[in-house]
Each structure stands twice: as structure tokens, then as C-alpha cells.
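K.L.:
What follows is final-v2.cif, mmCIF, C-alpha atoms.
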```cif
data_work
loop_
_atom_site.group_PDB
_atom_site.id
_atom_site.type_symbol
_atom_site.label_atom_id
_atom_site.label_comp_id
_atom_site.auth_asym_id
_atom_site.auth_seq_id
_atom_site.Cartn_x
_atom_site.Cartn_y
_atom_site.Cartn_z
ATOM 1 C CA MET Q 22 0.000 0.000 0.000
ATOM 2 C CA THR Q 23 1.402 3.384 -0.972
ATOM 3 C CA GLY Q 24 1.511 6.097 1.706
ATOM 4 C CA HIS Q 25 0.002 9.559 1.247
ATOM 5 C CA ALA Q 26 3.434 11.210 1.194
ATOM 6 C CA GLU Q 27 4.524 8.886 -1.624
ATOM 7 C CA LEU Q 28 1.512 9.890 -3.743
ATOM 8 C CA ASN Q 29 2.087 13.567 -3.046
ATOM 9 C CA PRO Q 30 5.725 14.464 -2.350
ATOM 10 C CA HIS Q 31 4.580 17.775 -0.784
ATOM 11 C CA ALA Q 32 2.302 16.098 1.765
ATOM 12 C CA PRO Q 33 3.554 16.184 5.350
ATOM 13 C CA HIS Q 34 5.223 13.075 6.701
ATOM 14 C CA LEU Q 35 2.916 11.513 9.271
ATOM 15 C CA ARG Q 36 3.434 9.206 12.213
ATOM 16 C CA LYS Q 37 0.741 6.882 13.499
ATOM 17 C CA VAL Q 38 -0.171 7.408 17.129
ATOM 18 C CA VAL Q 39 -2.306 4.697 18.695
ATOM 19 C CA ALA Q 40 -4.207 5.956 21.719
ATOM 20 C CA ASP Q 41 -6.790 5.010 24.282
ATOM 21 C CA ILE Q 42 -9.284 7.851 24.449
ATOM 22 C CA LEU Q 43 -11.702 8.517 27.299
ATOM 23 C CA THR Q 44 -14.836 10.090 25.832
ATOM 24 C CA ASP Q 45 -18.407 10.851 26.801
ATOM 25 C CA GLY Q 46 -19.236 7.279 25.714
ATOM 26 C CA GLY Q 47 -16.394 5.515 27.532
ATOM 27 C CA TRP Q 48 -12.979 4.314 26.377
ATOM 28 C CA LEU Q 49 -12.200 4.067 22.659
ATOM 29 C CA ASN Q 50 -9.043 2.948 20.979
ATOM 30 C CA GLY Q 51 -7.948 4.566 17.724
ATOM 31 C CA THR Q 52 -5.097 5.820 15.597
ATOM 32 C CA PHE Q 53 -4.290 9.441 14.773
ATOM 33 C CA GLN Q 54 -2.128 10.531 11.833
ATOM 34 C CA VAL Q 55 0.081 13.219 13.363
ATOM 35 C CA PRO Q 56 2.573 15.317 11.378
ATOM 36 C CA ALA Q 57 6.039 13.922 12.159
ATOM 37 C CA HIS Q 58 7.385 17.291 13.349
ATOM 38 C CA GLN Q 59 4.416 18.076 15.615
ATOM 39 C CA SER Q 60 3.925 17.157 19.277
ATOM 40 C CA LEU Q 61 0.657 15.566 20.391
ATOM 41 C CA MET Q 62 -0.049 18.628 22.527
ATOM 42 C CA ASP Q 63 0.185 20.886 19.466
ATOM 43 C CA PHE Q 64 -1.824 18.459 17.321
ATOM 44 C CA PHE Q 65 -4.726 18.316 19.788
ATOM 45 C CA ALA Q 66 -4.574 22.008 20.651
ATOM 46 C CA GLY Q 67 -5.467 22.980 17.075
ATOM 47 C CA GLY Q 68 -8.849 24.520 16.388
ATOM 48 C CA VAL Q 69 -10.269 21.757 14.206
ATOM 49 C CA PRO Q 70 -13.562 20.573 15.788
ATOM 50 C CA LEU Q 71 -13.350 17.038 14.329
ATOM 51 C CA LEU Q 72 -10.276 14.830 14.500
ATOM 52 C CA LYS Q 73 -9.664 12.149 11.898
ATOM 53 C CA THR Q 74 -9.348 8.878 13.785
ATOM 54 C CA THR Q 75 -8.733 5.517 12.110
ATOM 55 C CA ARG Q 76 -9.039 1.898 13.247
ATOM 56 C CA VAL Q 77 -11.455 2.883 16.018
ATOM 57 C CA ARG Q 78 -12.942 0.406 18.459
ATOM 58 C CA PHE Q 79 -15.845 1.576 20.637
ATOM 59 C CA PRO Q 80 -16.557 0.144 24.101
ATOM 60 C CA GLY Q 81 -18.350 -3.196 23.937
ATOM 61 C CA GLU Q 82 -18.253 -3.310 20.132
ATOM 62 C CA ARG Q 83 -16.498 -6.032 18.177
ATOM 63 C CA GLU Q 84 -16.387 -4.079 14.950
ATOM 64 C CA LEU Q 85 -13.346 -1.988 14.108
ATOM 65 C CA PHE Q 86 -14.370 1.214 12.330
ATOM 66 C CA PRO Q 87 -11.886 2.220 9.611
ATOM 67 C CA PHE Q 88 -12.600 5.948 10.059
ATOM 68 C CA ILE Q 89 -14.400 8.134 12.589
ATOM 69 C CA ALA Q 90 -14.426 11.925 12.735
ATOM 70 C CA LEU Q 91 -14.119 12.266 16.510
ATOM 71 C CA ARG Q 92 -15.515 15.413 18.091
ATOM 72 C CA ARG Q 93 -12.698 17.195 19.940
ATOM 73 C CA GLU Q 94 -15.022 18.307 22.757
ATOM 74 C CA ALA Q 95 -15.970 14.663 23.452
ATOM 75 C CA ILE Q 96 -12.408 13.806 24.507
ATOM 76 C CA HIS Q 97 -11.809 13.877 28.260
ATOM 77 C CA LEU Q 98 -8.401 12.212 28.341
ATOM 78 C CA LEU Q 99 -5.933 10.756 25.870
ATOM 79 C CA ASP Q 100 -3.467 8.002 26.747
ATOM 80 C CA ALA Q 101 -0.910 7.663 23.955
ATOM 81 C CA ALA Q 102 1.614 5.476 25.729
ATOM 82 C CA SER Q 103 3.241 4.501 22.443
ATOM 83 C CA ASP Q 104 4.185 8.077 21.550
ATOM 84 C CA ASP Q 105 7.209 9.865 22.985
ATOM 85 C CA ARG Q 106 6.433 13.277 21.442
ATOM 86 C CA ILE Q 107 3.751 14.441 23.882
ATOM 87 C CA GLU Q 108 5.146 17.968 24.202
ATOM 88 C CA ALA Q 109 7.552 19.993 22.091
ATOM 89 C CA PRO Q 110 11.074 19.887 23.597
ATOM 90 C CA GLY Q 111 11.599 22.755 26.040
ATOM 91 C CA SER Q 112 7.952 23.849 25.947
ATOM 92 C CA GLY Q 113 7.399 23.381 29.676
ATOM 93 C CA GLY Q 114 10.024 25.805 30.935
ATOM 94 C CA HIS Q 115 11.461 25.380 34.459
ATOM 95 C CA THR Q 116 8.965 23.380 36.462
ATOM 96 C CA THR Q 117 8.383 21.644 39.767
ATOM 97 C CA PRO Q 118 6.405 18.391 39.961
ATOM 98 C CA HIS Q 119 3.123 18.550 41.905
ATOM 99 C CA GLN Q 120 1.039 15.562 42.910
ATOM 100 C CA VAL Q 121 -2.552 16.313 41.910
ATOM 101 C CA GLU Q 122 -5.934 14.633 41.928
ATOM 102 C CA VAL Q 123 -8.191 15.372 38.980
ATOM 103 C CA PHE Q 124 -11.898 14.770 39.372
ATOM 104 C CA LEU Q 125 -13.414 13.328 36.193
ATOM 105 C CA LEU Q 126 -16.809 11.809 35.470
ATOM 106 C CA ALA Q 127 -15.018 8.440 35.134
ATOM 107 C CA GLY Q 128 -13.289 8.656 38.521
ATOM 108 C CA LEU Q 129 -10.328 10.159 40.321
ATOM 109 C CA LEU Q 130 -7.149 10.597 38.295
ATOM 110 C CA ARG Q 131 -3.997 10.857 40.382
ATOM 111 C CA GLY Q 132 -0.783 11.988 38.741
ATOM 112 C CA THR Q 133 2.132 14.376 38.516
ATOM 113 C CA LEU Q 134 1.675 17.805 36.983
ATOM 114 C CA GLU Q 135 4.690 19.953 36.109
ATOM 115 C CA VAL Q 136 3.992 23.496 37.358
ATOM 116 C CA LEU Q 137 6.170 26.498 36.568
ATOM 117 C CA VAL Q 138 8.683 27.244 39.317
ATOM 118 C CA ASN Q 139 7.507 29.856 41.845
ATOM 119 C CA VAL Q 140 3.892 29.630 40.634
ATOM 120 C CA ARG Q 141 1.150 28.347 42.924
ATOM 121 C CA LEU Q 142 -0.839 25.400 41.611
ATOM 122 C CA SER Q 143 -4.075 27.408 41.695
ATOM 123 C CA ASP Q 144 -2.520 30.246 39.666
ATOM 124 C CA PHE Q 145 -1.020 27.797 37.174
ATOM 125 C CA LEU Q 146 -4.375 26.049 36.676
ATOM 126 C CA ARG Q 147 -6.214 29.347 36.242
ATOM 127 C CA GLN Q 148 -3.950 30.115 33.257
ATOM 128 C CA GLN Q 149 -4.604 26.760 31.534
ATOM 129 C CA THR Q 150 -7.381 26.701 28.959
ATOM 130 C CA GLY Q 151 -6.743 23.750 26.693
ATOM 131 C CA LEU Q 152 -4.792 20.683 27.696
ATOM 132 C CA LEU Q 153 -2.783 19.494 30.672
ATOM 133 C CA VAL Q 154 -0.070 16.835 30.637
ATOM 134 C CA LEU Q 155 -0.066 14.486 33.626
ATOM 135 C CA ARG Q 156 2.524 11.793 34.222
ATOM 136 C CA ASP Q 157 2.610 8.606 36.311
ATOM 137 C CA CYS Q 158 -1.176 8.470 36.452
ATOM 138 C CA LEU Q 159 -3.687 6.202 38.104
ATOM 139 C CA LEU Q 160 -7.385 6.486 37.258
ATOM 140 C CA VAL Q 161 -9.601 4.885 39.891
ATOM 141 C CA PRO Q 162 -13.401 4.773 39.653
ATOM 142 C CA TYR Q 163 -15.050 6.531 42.593
ATOM 143 C CA GLY Q 164 -15.555 4.244 45.583
ATOM 144 C CA GLU Q 165 -12.888 1.739 44.445
ATOM 145 C CA PRO Q 166 -9.544 1.185 46.195
ATOM 146 C CA ARG Q 167 -6.293 2.039 44.396
ATOM 147 C CA GLU Q 168 -5.571 -1.676 44.039
ATOM 148 C CA SER Q 169 -8.903 -2.310 42.283
ATOM 149 C CA PRO Q 170 -8.758 -4.266 39.028
ATOM 150 C CA LYS Q 171 -10.872 -1.409 37.621
ATOM 151 C CA ALA Q 172 -8.002 1.044 38.251
ATOM 152 C CA ARG Q 173 -5.987 2.029 35.189
ATOM 153 C CA LYS Q 174 -2.294 2.999 35.208
ATOM 154 C CA MET Q 175 -1.075 5.368 32.520
ATOM 155 C CA ARG Q 176 2.403 6.747 31.936
ATOM 156 C CA THR Q 177 1.475 10.098 30.342
ATOM 157 C CA VAL Q 178 -1.924 11.551 29.492
ATOM 158 C CA LEU Q 179 -3.295 14.622 27.802
ATOM 159 C CA LEU Q 180 -6.232 15.939 29.755
ATOM 160 C CA SER Q 181 -8.878 18.308 28.399
ATOM 161 C CA MET Q 182 -9.405 21.208 30.837
ATOM 162 C CA GLY Q 183 -12.951 21.592 29.527
ATOM 163 C CA ARG Q 184 -13.871 18.038 30.612
ATOM 164 C CA ILE Q 185 -12.604 18.005 34.192
ATOM 165 C CA LEU Q 186 -14.748 18.583 37.268
ATOM 166 C CA GLY Q 187 -11.876 19.924 39.369
ATOM 167 C CA VAL Q 188 -8.231 19.591 40.393
ATOM 168 C CA GLY Q 189 -6.865 19.367 43.900
ATOM 169 C CA GLU Q 190 -3.780 18.462 45.868
ATOM 170 C CA PRO Q 191 -3.989 15.237 47.853
ATOM 171 C CA ILE Q 192 -3.887 15.356 51.650
ATOM 172 C CA ASN Q 193 -1.401 12.464 51.721
ATOM 173 C CA PRO Q 194 0.398 12.475 48.365
ATOM 174 C CA VAL Q 195 1.570 9.102 47.089
ATOM 175 C CA GLN Q 196 4.930 9.098 45.348
ATOM 176 C CA PRO Q 197 4.777 8.229 41.619
ATOM 177 C CA GLY Q 198 4.954 4.507 41.045
ATOM 178 C CA ALA Q 199 4.198 3.709 44.703
ATOM 179 C CA ARG Q 200 1.129 1.704 45.726
#
```
For the structure just supplied, provide its representation as C-alpha cells.
P.N.:
Amino acid sequence: MTGHAELNPHAPHLRKVVADILTDGGWLNGTFQVPAHQSLMDFFAGGVPLLKTTRVRFPGERELFPFIALRREAIHLLDAASDDRIEAPGSGGHTTPHQVEVFLLAGLLRGTLEVLVNVRLSDFLRQQTGLLVLRDCLLVPYGEPRESPKARKMRTVLLSMGRILGVGEPINPVQPGAR
């Protein structure tokens, strides 16, 4: 099969990013075609309301859909563990890691958020409008223990600020990777 760039030498070179996507309807799995030079953060921050998603599997469905135009606003969280270009190099500035708890409809997401040095967490969050990057994450449905088989570990996620219920600092922070 010939790639798009081979048919059109001026087309951007794309990389395939397979991701688990938490949406209004539950978890999906799909593939995004991301320009090779672009970070995932930049790709998802764009203003396009529909994102081309291929090889999509919906929760509880056996069928694999070859193409879905996924509504950007429906995405709560994106787990693209296979991709190492989440953010553009140097885009974060000088930061300090903060343990945070993010309240989602699906449960409590615990993880590490890099916050600019000498900026309070509340002030940092007030400035964020699009996406947050959390690392060393654990998503636990409400009422379940951390060790629950329903809990989901994720290395790095993109989180839509428009889909969260709130963000807080834990009373007893757990170190990343600890149980």
C-alpha cells in the first residue's frame, strides 16, 4: 500500500499514534495521523472541531471502524503510551512536579503535573485553557480502592481542561509509582 506522502511528495510526513481515548461514551481505541514534526499537545490544541481517527474500536463493540471523525469536545483524556512526542522539547520551561488529583466523570485521576517554578498550583491552573499533561497516572473509579482491578495505570496523558470537574492536591500524596 502506498503512503500519502509517496503519492504527493509535498504532503507532510505523518506518524501513526495509537491511543486510548476517554470520551463521553467511555474508552475508545484509535489511531491518529500526526505530522512527524508536531507534538501531540500541538496536534490536539489545534482549532479543528473534528479529529480524523482511524481503526477505532468503541466500548463493547467487536467491529473496528476504519474511520471516525471524533468530536474534539468529546475527549476527556488521551493516553498515547506509544508516543514519545507528547510535548515539544523545552515547551514546559522550568517546572516543579506537583502531585494532583483530577476529578473526572469516570473517577479520580492521580498523577504528577509539572507546574512552573515559583507559581502556585491554583494560579497555574487558572492560566490553563486547553490541555494538561499528567505523568505517572492512576485512574480509579469513585468508591474503588487504588488496588482495584478497575483502576488504570497510565504513563502520560493529555487531559482536556474543559472536561474536568476539578483539580486538587492530595492530603497524603503518594509518590509516583508507589502503591
K.L.:
Name the residues that the PyMOL selection byres ((chain Q and resi 57-66) around 10) picks from the file above, as a PyMOL selection string, using the file's chain letters and numbers.
P.N.:
chain Q and resi 33-38+53-56+67-70+72+93+99+101+104-110+150-154+179-181
K.L.:
Rank nothing, just name the residue among Q:His31, Q:Arg92, Q:His97, Q:Arg83 nearest to Leu186 (chain Q), using only C-alpha atoms.
P.N.:
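Ranking Q:His31, Q:Arg92, Q:His97, Q:Arg83 by distance to Leu186 (chain Q), first place goes to Q:His97.
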K.L.:
Which residues, written as a PyMOL selection string, have at least one atom at most 8 Å from Asp100 (chain Q), with all atoms listed in the file counted and residues fewer than 6 positions away on the same chain left out?
P.N.:
chain Q and resi 40-42+175-179
K.L.:
Would you compute the distance between CA of Leu129 (chain Q) and CA of Ser169 (chain Q)? Give it in Å to one decimal.
P.N.:
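Pair CA of Leu129 (chain Q) / CA of Ser169 (chain Q) returns 12.7 Å.
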K.L.:
To one decimal place in Å, what is the distance between CA of Glu82 (chain Q) and CA of Gly47 (chain Q)?
P.N.:
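Value for the CA of Glu82 (chain Q)-CA of Gly47 (chain Q) distance: 11.7 Å.
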K.L.:
Here is a test: counting all atoms listed in the file, which residue of Q:Asp157, Q:Ile185, Q:Leu126, Q:Trp48 is nearest to Ala102 (chain Q)?
P.N.:
Q:Asp157
K.L.:
List every protein, DNA or RNA residue that has an atom no more than 12 Å from (-4.6, 26.1, 41.4) in the file's coordinate frame, counting only C-alpha atoms, and report them as a list in words.
P.N.:
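These residues have at least one counted atom within 12 Å: His119, Val121, Glu122, Val123, Leu134, Val136, Leu137, Val140, Arg141, Leu142, Ser143, Asp144, Phe145, Leu146, Arg147, Gln148, Gln149, Gly187, Val188, Gly189 and Glu190 of chain Q.
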K.L.:
Take the PyMOL selection byres ((chain Q and resi 91) around 10), apply it to the structure above, and return the hits as an mmCIF file with C-alpha atoms, in the frame of the given file.
P.N.:
```
data_model
loop_
_atom_site.group_PDB
_atom_site.id
_atom_site.type_symbol
_atom_site.label_atom_id
_atom_site.label_comp_id
_atom_site.auth_asym_id
_atom_site.auth_seq_id
_atom_site.Cartn_x
_atom_site.Cartn_y
_atom_site.Cartn_z
ATOM 1 C CA THR Q 44 -14.836 10.090 25.832
ATOM 2 C CA GLY Q 51 -7.948 4.566 17.724
ATOM 3 C CA PRO Q 70 -13.562 20.573 15.788
ATOM 4 C CA LEU Q 71 -13.350 17.038 14.329
ATOM 5 C CA LEU Q 72 -10.276 14.830 14.500
ATOM 6 C CA LYS Q 73 -9.664 12.149 11.898
ATOM 7 C CA THR Q 74 -9.348 8.878 13.785
ATOM 8 C CA THR Q 75 -8.733 5.517 12.110
ATOM 9 C CA VAL Q 77 -11.455 2.883 16.018
ATOM 10 C CA PHE Q 88 -12.600 5.948 10.059
ATOM 11 C CA ILE Q 89 -14.400 8.134 12.589
ATOM 12 C CA ALA Q 90 -14.426 11.925 12.735
ATOM 13 C CA ARG Q 92 -15.515 15.413 18.091
ATOM 14 C CA ARG Q 93 -12.698 17.195 19.940
ATOM 15 C CA GLU Q 94 -15.022 18.307 22.757
ATOM 16 C CA ALA Q 95 -15.970 14.663 23.452
ATOM 17 C CA ILE Q 96 -12.408 13.806 24.507
#
```
K.L.:
Between CA of Gly81 (chain Q) and CA of Asn50 (chain Q), measure the distance and give it in Å to one decimal.
P.N.:
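CA of Asn50 (chain Q) lies 11.5 Å from CA of Gly81 (chain Q).
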K.L.:
Using only C-alpha atoms, pick whichever of Q:Gly128, Q:Gly183, Q:Pro30, Q:Pro191 has the shortest atom-to-atom distance to Tyr163 (chain Q).
P.N.:
Q:Gly128
K.L.:
Which of these residues is nearest to Val39 (chain Q), using all atoms listed in the file: Q:Phe79, Q:Pro118, Q:Ser103, Q:Ala127?
P.N.:
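That would be Q:Ser103, the residue with the smallest distance to Val39 (chain Q).
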K.L.:
Please return the centre and edge lengths, in Å to one decimal, of a box with edges along x, y and z that contains all listed atoms of region 86-97 of chain Q, widened by 5 Å on every side, as JSON.
P.N.:
```
{"center_x": -13.9, "center_y": 9.8, "center_z": 18.9, "size_x": 14.2, "size_y": 27.1, "size_z": 28.6}
```
K.L.:
Of the residues Q:Glu84, Q:Val161, Q:Asp45, Q:Thr116, which is the one nearest to Asn139 (chain Q), using all atoms listed in the file?
P.N.:
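That would be Q:Thr116, the residue with the smallest distance to Asn139 (chain Q).
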K.L.:
Once N, CA and C atoms are restored for region 145-164 of chain Q, what would the output be as a CSV table (one decimal), in the coordinates of the input?
P.N.:
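Below is the file that was written, out_19.csv:
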```csv
chain,number,residue,atom,x,y,z
Q,145,PHE,N,-1.4,28.5,38.4
Q,145,PHE,CA,-1.0,27.8,37.2
Q,145,PHE,C,-2.3,27.3,36.5
Q,146,LEU,N,-3.2,26.6,37.2
Q,146,LEU,CA,-4.4,26.0,36.7
Q,146,LEU,C,-5.3,27.1,36.1
Q,147,ARG,N,-5.3,28.3,36.7
Q,147,ARG,CA,-6.2,29.3,36.2
Q,147,ARG,C,-5.8,29.8,34.9
Q,148,GLN,N,-4.5,29.7,34.5
Q,148,GLN,CA,-4.0,30.1,33.3
Q,148,GLN,C,-4.1,29.1,32.1
Q,149,GLN,N,-4.5,27.8,32.5
Q,149,GLN,CA,-4.6,26.8,31.5
Q,149,GLN,C,-6.0,26.8,30.9
Q,150,THR,N,-6.1,26.7,29.6
Q,150,THR,CA,-7.4,26.7,29.0
Q,150,THR,C,-7.6,25.5,28.1
Q,151,GLY,N,-6.6,24.8,27.6
Q,151,GLY,CA,-6.7,23.8,26.7
Q,151,GLY,C,-6.5,22.4,27.3
Q,152,LEU,N,-5.2,22.0,27.3
Q,152,LEU,CA,-4.8,20.7,27.7
Q,152,LEU,C,-3.8,20.7,28.8
Q,153,LEU,N,-3.8,19.7,29.7
Q,153,LEU,CA,-2.8,19.5,30.7
Q,153,LEU,C,-2.1,18.2,30.4
Q,154,VAL,N,-0.8,18.1,30.7
Q,154,VAL,CA,-0.1,16.8,30.6
Q,154,VAL,C,0.2,16.3,32.1
Q,155,LEU,N,-0.3,15.1,32.3
Q,155,LEU,CA,-0.1,14.5,33.6
Q,155,LEU,C,0.8,13.2,33.4
Q,156,ARG,N,1.7,13.0,34.3
Q,156,ARG,CA,2.5,11.8,34.2
Q,156,ARG,C,2.3,10.9,35.4
Q,157,ASP,N,2.7,9.6,35.2
Q,157,ASP,CA,2.6,8.6,36.3
Q,157,ASP,C,1.2,8.6,36.9
Q,158,CYS,N,0.2,8.3,36.1
Q,158,CYS,CA,-1.2,8.5,36.5
Q,158,CYS,C,-1.8,7.2,36.9
Q,159,LEU,N,-2.8,7.3,37.7
Q,159,LEU,CA,-3.7,6.2,38.1
Q,159,LEU,C,-5.1,6.7,38.1
Q,160,LEU,N,-6.0,6.1,37.3
Q,160,LEU,CA,-7.4,6.5,37.3
Q,160,LEU,C,-8.2,5.4,38.0
Q,161,VAL,N,-8.9,5.8,39.1
Q,161,VAL,CA,-9.6,4.9,39.9
Q,161,VAL,C,-11.1,5.3,39.9
Q,162,PRO,N,-12.0,4.4,39.6
Q,162,PRO,CA,-13.4,4.8,39.7
Q,162,PRO,C,-13.7,5.2,41.1
Q,163,TYR,N,-14.7,6.1,41.3
Q,163,TYR,CA,-15.0,6.5,42.6
Q,163,TYR,C,-15.5,5.3,43.4
Q,164,GLY,N,-15.1,5.3,44.7
Q,164,GLY,CA,-15.6,4.2,45.6
Q,164,GLY,C,-14.7,3.0,45.5
```
